[in-house]
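Structure data follow from my_file-v6.txt (compact mmCIF, C-alpha atoms):
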# COMPACT_ATOMS: atom_id res chain seq x y z
CA MET A 1 111.32 209.65 60.97
CA ARG A 2 110.93 209.67 57.30
CA THR A 3 107.67 209.16 55.48
CA SER A 4 109.07 206.16 53.65
CA ASP A 5 109.86 204.42 56.95
CA LEU A 6 106.26 204.95 58.16
CA HIS A 7 104.93 203.53 54.94
CA VAL A 8 107.14 200.47 55.24
CA ASP A 9 106.02 199.73 58.86
CA VAL A 10 102.25 200.11 58.39
CA HIS A 11 101.67 198.53 55.01
CA PRO A 12 102.99 195.03 55.85
CA GLN A 13 100.77 194.89 59.01
CA PHE A 14 97.69 195.68 56.94
CA ARG A 15 98.54 193.01 54.35
CA ALA A 16 99.28 190.40 57.05
CA SER A 17 95.96 190.93 58.88
CA ARG A 18 93.81 190.63 55.72
CA PRO A 19 94.09 186.85 55.23
CA ALA A 20 93.16 186.21 58.88
CA ALA A 21 90.01 188.30 58.57
CA HIS A 22 89.15 186.58 55.31
CA ARG A 23 89.49 183.16 56.93
CA ALA A 24 87.27 184.18 59.85
CA VAL A 25 84.53 185.48 57.59
CA ALA A 26 84.73 182.41 55.36
CA SER A 27 84.53 180.00 58.29
CA ASP A 28 81.52 181.81 59.78
CA ALA A 29 79.76 181.71 56.43
CA VAL A 30 80.42 178.01 55.87
CA ARG A 31 79.51 176.67 59.32
CA PRO A 32 75.74 177.43 59.17
CA VAL A 33 75.58 175.80 55.75
CA ARG A 34 77.21 172.62 57.08
CA ARG A 35 74.90 172.51 60.10
CA ALA A 36 71.87 173.02 57.87
CA THR A 37 73.03 170.28 55.54
CA HIS A 38 73.49 167.94 58.50
CA ARG A 39 69.98 168.63 59.78
CA THR A 40 68.53 168.08 56.32
CA ARG A 41 70.17 164.68 55.99
CA ASN A 42 68.98 163.49 59.40
CA ALA A 43 65.48 164.99 59.16
CA PRO A 44 62.63 162.39 59.27
CA LEU A 45 60.51 161.80 56.20
CA PRO A 46 57.14 163.54 56.10
CA GLU A 47 54.34 161.49 57.62
CA ALA A 48 52.16 161.97 54.54
CA VAL A 49 54.57 159.97 52.36
CA ALA A 50 53.50 156.29 52.43
CA PRO A 51 55.44 153.44 50.87
CA ALA A 52 53.90 151.91 47.77
CA PRO A 53 52.59 148.33 48.01
CA VAL A 54 55.20 145.77 47.14
CA ALA A 55 54.70 143.19 44.43
CA GLY A 56 53.72 140.47 46.90
CA TRP A 57 51.05 142.53 48.62
CA ARG A 58 48.15 140.30 49.60
CA GLY A 59 45.31 142.66 50.32
CA GLY A 60 45.93 143.49 53.93
CA HIS A 61 46.18 141.40 57.08
CA ARG A 62 44.01 140.93 60.11
CA ARG A 63 44.75 138.84 63.16
CA ALA A 64 43.66 135.23 62.73
CA ALA A 65 40.65 134.22 64.79
CA GLY A 66 41.36 132.16 67.90
CA ARG A 67 39.91 128.75 68.70
CA ALA A 68 37.25 130.18 70.98
CA THR A 69 36.04 132.47 68.19
CA ILE A 70 35.98 129.59 65.70
CA VAL A 71 34.00 127.37 68.09
CA ALA A 72 31.53 130.18 68.77
CA SER A 73 31.11 130.79 65.04
CA VAL A 74 30.50 127.09 64.33
CA LEU A 75 27.90 126.94 67.10
CA THR A 76 26.20 130.05 65.70
CA VAL A 77 26.01 128.56 62.20
CA GLY A 78 24.71 125.26 63.55
CA LEU A 79 22.11 127.00 65.69
CA GLY A 80 20.85 129.08 62.76
CA TRP A 81 20.67 125.95 60.61
CA LEU A 82 18.69 124.09 63.31
CA ILE A 83 16.26 126.98 63.81
CA ALA A 84 15.57 127.09 60.06
CA ILE A 85 14.77 123.36 60.07
CA LEU A 86 12.48 123.61 63.11
CA VAL A 87 10.60 126.65 61.77
CA ALA A 88 10.17 125.38 58.19
CA PRO A 89 7.26 122.91 58.82
CA HIS A 90 5.21 125.60 60.57
CA VAL A 91 5.42 128.25 57.82
CA THR A 92 2.46 128.67 55.47
CA LEU A 93 2.63 131.25 52.69
CA SER A 94 0.12 132.48 50.17
CA PRO A 95 0.89 131.81 46.48
CA GLY A 96 2.11 135.39 46.00
CA ALA A 97 4.34 135.33 49.10
CA ARG A 98 5.67 131.94 48.05
CA MET A 99 6.71 133.37 44.69
CA VAL A 100 8.54 136.19 46.48
CA ALA A 101 10.30 133.70 48.76
CA LEU A 102 11.28 131.57 45.77
CA PHE A 103 12.68 134.63 43.97
CA CYS A 104 14.70 135.55 47.08
CA HIS A 105 15.92 131.95 47.33
CA LEU A 106 17.18 131.94 43.75
CA THR A 107 18.72 135.41 44.14
CA CYS A 108 20.65 134.36 47.24
CA LEU A 109 21.84 131.26 45.38
CA VAL A 110 23.17 133.43 42.56
CA VAL A 111 24.87 135.85 44.96
CA GLY A 112 26.45 133.26 47.28
CA PHE A 113 27.36 130.58 44.77
CA GLY A 114 28.46 133.18 42.22
CA ALA A 115 30.88 134.71 44.72
CA VAL A 116 32.27 131.25 45.52
CA LEU A 117 32.76 130.48 41.84
CA THR A 118 34.58 133.80 41.37
CA VAL A 119 37.04 133.06 44.17
CA ASP A 120 37.61 129.50 42.94
CA TRP A 121 38.16 130.80 39.41
CA PHE A 122 40.97 133.04 40.64
CA SER A 123 42.33 130.09 42.62
CA LEU A 124 42.40 127.99 39.46
CA ARG A 125 44.22 130.75 37.61
CA TRP A 126 46.78 130.85 40.43
CA LEU A 127 47.32 127.09 40.08
CA LEU A 128 47.93 127.66 36.37
CA ARG A 129 50.39 130.46 37.26
CA ARG A 130 48.23 133.10 35.64
CA GLU A 131 47.59 135.11 38.82
CA PRO A 132 49.66 135.81 41.96
CA LEU A 133 48.48 134.44 45.29
CA GLY A 134 47.83 137.97 46.51
CA THR A 135 45.11 138.41 43.87
CA VAL A 136 43.36 135.23 45.05
CA LEU A 137 43.43 136.30 48.69
CA THR A 138 42.20 139.79 47.85
CA ALA A 139 39.31 138.36 45.81
CA ALA A 140 38.43 136.00 48.66
CA ARG A 141 38.40 138.85 51.13
CA GLY A 142 36.18 140.96 48.88
CA ALA A 143 33.70 138.13 48.24
CA HIS A 144 33.52 137.08 51.90
CA LEU A 145 30.47 139.21 52.72
CA LEU A 146 28.59 138.23 49.56
CA ILE A 147 29.07 134.52 50.28
CA TRP A 148 27.69 134.82 53.79
CA LEU A 149 24.79 137.03 52.73
CA GLY A 150 23.87 134.44 50.11
CA LEU A 151 24.10 131.58 52.59
CA VAL A 152 21.99 133.32 55.25
CA GLY A 153 19.45 134.31 52.62
CA LEU A 154 19.27 130.71 51.40
CA LEU A 155 18.50 129.47 54.91
CA ALA A 156 15.86 132.11 55.59
CA SER A 157 14.09 131.86 52.24
CA GLY A 158 14.38 128.06 52.25
CA ALA A 159 12.67 127.90 55.64
CA ALA A 160 9.93 130.20 54.33
CA LEU A 161 9.31 127.84 51.42
CA GLY A 162 8.51 125.03 53.87
CA PRO A 163 10.60 122.10 52.58
CA ASP A 164 9.42 118.56 53.25
CA THR A 165 11.75 117.41 56.01
CA SER A 166 10.49 113.84 55.64
CA SER A 167 12.28 113.54 52.28
CA GLY A 168 15.77 112.09 52.17
CA LEU A 169 16.86 114.40 49.33
CA VAL A 170 15.78 117.42 51.33
CA TRP A 171 18.02 116.29 54.17
CA VAL A 172 20.90 115.88 51.72
CA LYS A 173 20.38 119.48 50.66
CA LEU A 174 20.13 120.71 54.25
CA LEU A 175 23.31 118.88 55.24
CA ALA A 176 25.10 120.30 52.19
CA VAL A 177 24.11 123.82 53.28
CA LEU A 178 25.45 123.12 56.78
CA VAL A 179 28.72 121.86 55.31
CA VAL A 180 28.97 125.06 53.24
CA GLY A 181 28.61 127.20 56.36
CA VAL A 182 31.09 125.32 58.55
CA ASN A 183 33.56 124.94 55.70
CA GLY A 184 33.33 128.67 55.00
CA LEU A 185 34.52 129.38 58.53
CA PHE A 186 37.48 127.06 58.00
CA LEU A 187 38.31 128.74 54.68
CA GLY A 188 38.38 132.14 56.38
CA ARG A 189 40.88 130.83 58.93
CA VAL A 190 43.06 129.35 56.18
CA ARG A 191 42.99 132.66 54.30
CA ASP A 192 44.09 134.61 57.39
CA ARG A 193 47.03 132.23 57.87
CA LEU A 194 48.10 132.57 54.25
CA VAL A 195 47.99 136.36 54.46
CA ALA A 196 50.25 136.28 57.52
CA VAL A 197 52.92 134.19 55.75
CA GLN A 198 55.89 136.20 54.50
CA GLY A 199 57.02 135.22 51.02
CA ARG A 200 55.79 132.18 49.13
CA PRO A 201 53.79 129.89 51.45
CA PRO A 202 54.73 126.20 51.58
CA TRP A 203 52.45 123.49 50.22
CA SER A 204 51.69 122.37 53.78
CA ALA A 205 49.92 125.72 54.26
CA LEU A 206 48.20 125.59 50.85
CA LEU A 207 46.80 122.05 50.98
CA PRO A 208 44.14 122.85 53.65
CA GLY A 209 42.88 125.69 51.46
CA VAL A 210 42.73 123.43 48.38
CA ALA A 211 40.83 120.77 50.35
CA ALA A 212 38.38 123.32 51.78
CA ALA A 213 37.75 124.84 48.33
CA THR A 214 37.03 121.37 46.92
CA ILE A 215 34.58 120.60 49.74
CA SER A 216 32.92 123.97 49.17
CA GLN A 217 32.37 123.25 45.49
CA LEU A 218 30.94 119.77 46.18
CA ALA A 219 28.56 121.08 48.85
CA TRP A 220 27.33 124.03 46.76
CA TRP A 221 26.74 121.88 43.68
CA THR A 222 24.99 119.20 45.75
CA ALA A 223 22.61 121.73 47.30
CA THR A 224 21.93 123.32 43.90
CA LEU A 225 21.28 120.05 42.05
CA VAL A 226 19.09 118.61 44.80
CA GLY A 227 17.06 121.82 44.94
CA PHE A 228 16.61 121.73 41.16
CA TRP A 229 15.58 118.06 41.32
CA ASN A 230 12.98 118.72 44.04
CA ALA A 231 11.57 121.71 42.17
CA ASN A 232 11.01 119.62 39.03
CA GLY A 233 10.23 116.26 40.67

So that I can check it, write out the structure of this file as structure tokens.
Amino acid sequence: MRTSDLHVDVHPQFRASRPAAHRAVASDAVRPVRRATHRTRNAPLPEAVAPAPVAGWRGGHRRAAGRATIVASVLTVGLGWLIAILVAPHVTLSPGARMVALFCHLTCLVVGFGAVLTVDWFSLRWLLRREPLGTVLTAARGAHLLIWLGLVGLLASGAALGPDTSSGLVWVKLLAVLVVGVNGLFLGRVRDRLVAVQGRPPWSALLPGVAAATISQLAWWTATLVGFWNANG
């Protein structure tokens, strides 16, 4: 056998086997990359990443109170109001303590009524299309505690001042305070329902809130004006 024949037989086999090896290496190198890419696409988002609030965000949502809770709250407000009336005639304060009670009474009026006016101001801006409804509901939720602290402080300090329960104007003021308390519970229920509504709420859901806000303003102003009249009468 000649050397040229050996060269002819071996060299073609080497050239034919090279593409097959190249394809095997290339396929092995590509497969892990494809699997890794597939896992990356299907991987869940990190738990630390939270979606940003949407434009219609309304300050959070809590489950609306049931009827039993509302009834219990109304009874609690009524009982506190009745206790303040029954205790008031039996309280006697020194001139210095009376001044302190009067200061607390005026402070609670500023806190409670001021918070109500703030919420109603945002409500008026919403009616004029200057604020979104979410801003109004968020303001109402933030002022909720201040309103109730002011109302409870008014009852306690008012009972300490010993109002004359034989006067008709005093009873008008006391009834106005009771209306403020009961109406505040109703307003909280209306707010919870509005927060739970997806999208723009219908007018049938807004009208109870408008009516309750109007009653709140009338009751607060009545109690304030009657108290001012009695103090200067």

With all atoms listed in the file counted and 9 Å as the cut-off, give the residues of segment 74-108 of chain A in contact with segment 158-178 of chain A, each with its shortest interatomic distance in Å and the pair that gives it, as JSON lines.
{"residue": "A:Val77", "atom": "CA", "partner": "A:Leu178", "partner_atom": "CA", "distance": 7.7}
{"residue": "A:Gly78", "atom": "CA", "partner": "A:Leu178", "partner_atom": "CA", "distance": 7.1}
{"residue": "A:Trp81", "atom": "CA", "partner": "A:Leu178", "partner_atom": "CA", "distance": 6.7}
{"residue": "A:Ile83", "atom": "CA", "partner": "A:Ala159", "partner_atom": "CA", "distance": 9.0}
{"residue": "A:Ala84", "atom": "CA", "partner": "A:Ala159", "partner_atom": "CA", "distance": 5.3}
{"residue": "A:Ile85", "atom": "CA", "partner": "A:Ala159", "partner_atom": "CA", "distance": 6.7}
{"residue": "A:Leu86", "atom": "CA", "partner": "A:Ala159", "partner_atom": "CA", "distance": 8.6}
{"residue": "A:Val87", "atom": "CA", "partner": "A:Ala159", "partner_atom": "CA", "distance": 6.6}
{"residue": "A:Ala88", "atom": "CA", "partner": "A:Ala159", "partner_atom": "CA", "distance": 4.4}
{"residue": "A:Pro89", "atom": "CA", "partner": "A:Gly162", "partner_atom": "CA", "distance": 5.5}
{"residue": "A:His90", "atom": "CA", "partner": "A:Gly162", "partner_atom": "CA", "distance": 7.5}
{"residue": "A:Val91", "atom": "CA", "partner": "A:Gly162", "partner_atom": "CA", "distance": 6.0}
{"residue": "A:Thr92", "atom": "CA", "partner": "A:Gly162", "partner_atom": "CA", "distance": 7.2}
{"residue": "A:Leu93", "atom": "CA", "partner": "A:Ala160", "partner_atom": "CA", "distance": 7.6}
{"residue": "A:Arg98", "atom": "CA", "partner": "A:Leu161", "partner_atom": "CA", "distance": 6.4}
{"residue": "A:Ala101", "atom": "CA", "partner": "A:Leu161", "partner_atom": "CA", "distance": 6.5}
{"residue": "A:Leu102", "atom": "CA", "partner": "A:Leu161", "partner_atom": "CA", "distance": 7.1}
{"residue": "A:His105", "atom": "CA", "partner": "A:Gly158", "partner_atom": "CA", "distance": 6.5}

Check the smallest atom-to-atom distance from each of A:Ser157, A:Val197, A:Trp126, A:Asp120 to Ala212 of chain A using all atoms listed in the file, then report the winner. A:Asp120

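Each of A:Arg141, A:Leu218, A:Asn183, A:Ile147 was checked against Gly114 of chain A using all atoms listed in the file; the smallest atom-to-atom distance is that of A:Ile147.
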
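Picture a line from atom CA of Val152 of chain A to atom CA of Thr76 of chain A; it runs 11.7 Å.
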
Work out how far atom CA of Gly188 of chain A is from atom CA of Val110 of chain A, in Å to one decimal. 20.6 Å

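With all atoms listed in the file as the atoms that count, the minimum distance from Ser216 of chain A to the choices A:Gly112, A:Gly150, A:Gly96, A:Gly184 is reached by A:Gly184.
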
What's the 12 Å shell around segment 122-124 of chain A, counting all atoms listed in the file, without same-chain residues fewer than 6 positions away, as a VMD selection string? chain A and resid 115 to 116 130 to 140 143 191 206 209 to 210 213 to 214

Could you put an axis-aligned box around every listed atom of segment 87-90 of chain A, padded by 5 Å on each side, and send me its centre and edge lengths in Å to one decimal, as lines of an AutoDock Vina configuration file?
center_x = 7.9
center_y = 124.8
center_z = 60.0
size_x = 15.4
size_y = 13.7
size_z = 13.6

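Atom pair atom CA of Leu117 of chain A / atom CA of Leu145 of chain A: separated by 14.1 Å.
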